[in-house]
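Structure, as structure tokens:
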Amino acid sequence: MKTQGPAARGKLKILQVIHTSFCAAVLLFAIVALSAQRQTYFSINMAEGGQFFLVFPVLVLVTLFAGMRLFTFMLKDVELLPSAERLTRYMGAFLVQMALFEAAGLANTVLFLKTGNYLFLAFAGVALLAMLSVRPTRTRIANLLKLQPTDTDLL
């Protein structure tokens with residue numbers, strides 16, 4: 001059996017740190033936005049949000065859907081690859097997915113700063129919940145990549 005070098009070990013921990021940093025960026029920016037915004041309100045009236053009212057909430061849904069689709073597309077033929085390449089492909093797909101989720105959360109937080117409407121902050125929260133739901137775990141990655149028990153040592 002081949003021994004793995006230090007670069008091959010600990011990839012799960014690295015992914016979890018990256019995941020935490022993506023989530024923390026959205027959460028901390030939302031907290032800063034809440035403390036900076038003095039005049040806040042909650043409205044679903046289209047006149048209150050102007051042209052942004054429909055664009056940014058729909059943007060969240062589109063980017064969440066696109067992130068999930070790109071993730072599955074990038075992992076489409078992953079079972080044909082060797083285990084180490086599967087993990088590398090997963091890491092790339094995970095980063096793309098998290099970047100799209102974060103973009104949706106940050107864009108809506110910026111719009112909350114601009115308008116003060118809590119509706120946009122709520123959609124940023126939806127993006128944050130989506131980010132939290134895809135946290136990488138050993139069992140999730142092993143099941144998704146169809147890794148053998150001996151291959152989970154790569155994680």
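As shown in the structure tokens, the chain order sets the letters A, B, ...; within each chain, residues go from 1, and ligands are also counted from 1 in the order they appear.
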Q: Taking the DSSP assignment computed from this structure's backbone, write out as number ranges by chain all residues of region 3-153 of chain A that belong to alpha helix (DSSP H).
A: A: 11-36, 46-49, 52-74, 83-115, 118-133, 138-145
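The list of residues with at least one atom within 7 Å of Ala104 (chain A), based on only C-alpha atoms and without residues fewer than 4 positions apart in the same chain, reads Leu59, Val60, Thr63, Leu100, Asn108, Ala124 and Ala127 of chain A.
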Q | Nearby residues (only C-alpha atoms) at most 12 Å from region 86-95 of chain A, same-chain spacing under 2 positions excluded, as a PyMOL selection string | A | chain A and resi 7-19+21-22+66-84+97-102+131+134-136+138+140-148+151-155
Once you have the residues from the selection above, write them out as a short mmCIF file (atom, residue, chain, number, x, y, z; two decimals), in the first residue's frame, restricted to C-alpha atoms.
data_model
loop_
_atom_site.label_atom_id
_atom_site.label_comp_id
_atom_site.auth_asym_id
_atom_site.auth_seq_id
_atom_site.Cartn_x
_atom_site.Cartn_y
_atom_site.Cartn_z
CA ALA A 7 -0.03 17.17 0.75
CA ALA A 8 -2.48 14.32 0.21
CA ARG A 9 -3.59 14.21 3.82
CA GLY A 10 -5.75 16.79 5.50
CA LYS A 11 -7.71 17.87 2.43
CA LEU A 12 -10.97 17.57 4.32
CA LYS A 13 -9.75 19.96 7.00
CA ILE A 14 -8.63 22.41 4.30
CA LEU A 15 -12.05 22.21 2.63
CA GLN A 16 -13.77 22.79 5.95
CA VAL A 17 -11.62 25.85 6.65
CA ILE A 18 -12.40 27.23 3.19
CA HIS A 19 -16.10 26.53 3.75
CA SER A 21 -14.32 31.32 5.58
CA PHE A 22 -16.92 31.59 2.81
CA ALA A 66 -26.47 27.38 -11.07
CA GLY A 67 -24.09 26.48 -8.25
CA MET A 68 -25.82 23.16 -7.66
CA ARG A 69 -25.98 22.37 -11.38
CA LEU A 70 -22.33 23.27 -11.99
CA PHE A 71 -21.31 21.17 -9.00
CA THR A 72 -23.09 18.10 -10.34
CA PHE A 73 -21.88 18.79 -13.89
CA MET A 74 -18.26 19.03 -12.79
CA LEU A 75 -18.59 15.71 -10.94
CA LYS A 76 -20.50 13.96 -13.73
CA ASP A 77 -17.89 11.32 -14.69
CA VAL A 78 -15.96 11.32 -11.44
CA GLU A 79 -16.29 7.57 -10.82
CA LEU A 80 -14.10 6.88 -13.87
CA LEU A 81 -11.14 8.73 -12.33
CA PRO A 82 -8.57 7.49 -9.81
CA SER A 83 -9.33 8.39 -6.20
CA ALA A 84 -6.81 11.23 -5.91
CA GLN A 97 -20.33 26.18 -5.87
CA MET A 98 -19.30 28.12 -2.79
CA ALA A 99 -18.18 31.12 -4.85
CA LEU A 100 -21.58 31.33 -6.52
CA PHE A 101 -23.42 30.97 -3.22
CA GLU A 102 -21.24 33.64 -1.63
CA MET A 131 -23.78 27.42 2.03
CA VAL A 134 -23.18 21.81 1.73
CA ARG A 135 -20.53 21.63 4.46
CA PRO A 136 -17.97 19.00 3.43
CA ARG A 138 -15.93 12.72 5.35
CA ARG A 140 -20.62 13.10 2.34
CA ILE A 141 -17.48 13.24 0.20
CA ALA A 142 -16.95 9.47 0.35
CA ASN A 143 -20.54 8.80 -0.71
CA LEU A 144 -20.54 11.42 -3.44
CA LEU A 145 -17.23 10.32 -4.94
CA LYS A 146 -17.92 6.62 -4.32
CA LEU A 147 -14.63 6.22 -2.48
CA GLN A 148 -13.55 2.88 -1.08
CA ASP A 151 -9.45 5.74 -0.20
CA THR A 152 -10.99 7.82 2.56
CA ASP A 153 -7.48 8.07 3.99
CA LEU A 154 -6.93 10.71 1.30
CA LEU A 155 -9.28 12.91 3.27
#
Go through region 89-125 of chain A and flag each residue having an atom no more than 9 Å from region 23-40 of chain A; for those, report the closest pair of atoms plus their distance in Å to one decimal, using only C-alpha atoms, ordered by chain and rising number, as a Markdown table.
| residue | atom | partner | partner_atom | distance |
| --- | --- | --- | --- | --- |
| A:Met98 | CA | A:Cys23 | CA | 8.8 |
| A:Glu102 | CA | A:Val26 | CA | 6.5 |
| A:Ala103 | CA | A:Val26 | CA | 8.8 |
| A:Gly105 | CA | A:Val26 | CA | 6.1 |
| A:Leu106 | CA | A:Val26 | CA | 6.0 |
| A:Thr109 | CA | A:Ala30 | CA | 5.9 |
| A:Val110 | CA | A:Ala33 | CA | 7.8 |
| A:Phe112 | CA | A:Ala33 | CA | 7.4 |
| A:Leu113 | CA | A:Ala33 | CA | 5.8 |
| A:Lys114 | CA | A:Gln37 | CA | 8.5 |
| A:Thr115 | CA | A:Thr40 | CA | 7.9 |
| A:Gly116 | CA | A:Thr40 | CA | 4.4 |
| A:Asn117 | CA | A:Thr40 | CA | 5.8 |
| A:Tyr118 | CA | A:Thr40 | CA | 6.8 |
| A:Leu121 | CA | A:Ala30 | CA | 7.3 |
| A:Ala124 | CA | A:Val26 | CA | 7.8 |
| A:Gly125 | CA | A:Leu27 | CA | 8.3 |
Would you output that residue set with N, CA and C atoms, as an mmCIF file, in the first residue's frame?
data_model
loop_
_atom_site.group_PDB
_atom_site.id
_atom_site.type_symbol
_atom_site.label_atom_id
_atom_site.label_comp_id
_atom_site.auth_asym_id
_atom_site.auth_seq_id
_atom_site.Cartn_x
_atom_site.Cartn_y
_atom_site.Cartn_z
ATOM 1 N N MET A 98 -19.339 27.180 -3.902
ATOM 2 C CA MET A 98 -19.300 28.117 -2.787
ATOM 3 C C MET A 98 -19.133 29.555 -3.260
ATOM 4 N N GLU A 102 -21.713 32.447 -2.331
ATOM 5 C CA GLU A 102 -21.236 33.639 -1.635
ATOM 6 C C GLU A 102 -21.569 34.902 -2.419
ATOM 7 N N ALA A 103 -21.435 34.847 -3.724
ATOM 8 C CA ALA A 103 -21.750 36.015 -4.555
ATOM 9 C C ALA A 103 -23.201 36.434 -4.368
ATOM 10 N N GLY A 105 -25.093 35.896 -1.707
ATOM 11 C CA GLY A 105 -25.245 36.463 -0.371
ATOM 12 C C GLY A 105 -24.668 37.862 -0.250
ATOM 13 N N LEU A 106 -23.491 38.063 -0.806
ATOM 14 C CA LEU A 106 -22.855 39.377 -0.713
ATOM 15 C C LEU A 106 -23.592 40.423 -1.542
ATOM 16 N N THR A 109 -26.591 41.524 0.363
ATOM 17 C CA THR A 109 -26.202 42.320 1.522
ATOM 18 C C THR A 109 -25.839 43.739 1.102
ATOM 19 N N VAL A 110 -25.168 43.875 -0.034
ATOM 20 C CA VAL A 110 -24.854 45.207 -0.559
ATOM 21 C C VAL A 110 -26.141 45.960 -0.869
ATOM 22 N N PHE A 112 -28.997 45.503 0.587
ATOM 23 C CA PHE A 112 -29.567 45.895 1.876
ATOM 24 C C PHE A 112 -28.914 47.181 2.371
ATOM 25 N N LEU A 113 -27.602 47.291 2.213
ATOM 26 C CA LEU A 113 -26.911 48.523 2.597
ATOM 27 C C LEU A 113 -27.432 49.719 1.810
ATOM 28 N N LYS A 114 -27.730 49.495 0.547
ATOM 29 C CA LYS A 114 -28.187 50.585 -0.312
ATOM 30 C C LYS A 114 -29.617 51.008 0.013
ATOM 31 N N THR A 115 -30.497 50.025 0.263
ATOM 32 C CA THR A 115 -31.917 50.343 0.437
ATOM 33 C C THR A 115 -32.383 50.315 1.886
ATOM 34 N N GLY A 116 -31.796 49.469 2.715
ATOM 35 C CA GLY A 116 -32.269 49.313 4.084
ATOM 36 C C GLY A 116 -33.422 48.336 4.209
ATOM 37 N N ASN A 117 -33.797 47.675 3.126
ATOM 38 C CA ASN A 117 -34.913 46.731 3.132
ATOM 39 C C ASN A 117 -34.423 45.362 3.610
ATOM 40 N N TYR A 118 -35.037 44.883 4.695
ATOM 41 C CA TYR A 118 -34.663 43.596 5.265
ATOM 42 C C TYR A 118 -34.924 42.428 4.320
ATOM 43 N N LEU A 121 -31.724 41.293 2.927
ATOM 44 C CA LEU A 121 -30.919 40.600 3.928
ATOM 45 C C LEU A 121 -31.463 39.185 4.163
ATOM 46 N N ALA A 124 -30.073 37.109 1.490
ATOM 47 C CA ALA A 124 -28.670 36.816 1.807
ATOM 48 C C ALA A 124 -28.607 35.674 2.822
ATOM 49 N N GLY A 125 -29.571 35.642 3.740
ATOM 50 C CA GLY A 125 -29.663 34.543 4.692
ATOM 51 C C GLY A 125 -29.972 33.220 4.018
#
Q) Between A:Tyr41, A:Val96, A:Thr20, A:Ala122, which one has atoms that come closest to Phe56 (chain A), using only C-alpha atoms? A)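 Going through A:Tyr41, A:Val96, A:Thr20, A:Ala122 one by one, the smallest distance to Phe56 (chain A) is for A:Ala122.
Between CA of Ser133 (chain A) and CA of Phe65 (chain A) the interatomic distance comes to 13.8 Å.
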Q: May I ask which of the residues A:Leu119, A:Val62, A:Thr139, A:Pro57 is the closest one to Ala107 (chain A), counting only C-alpha atoms?
A: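 Residue with the minimum atom-to-atom distance to Ala107 (chain A): A:Pro57.
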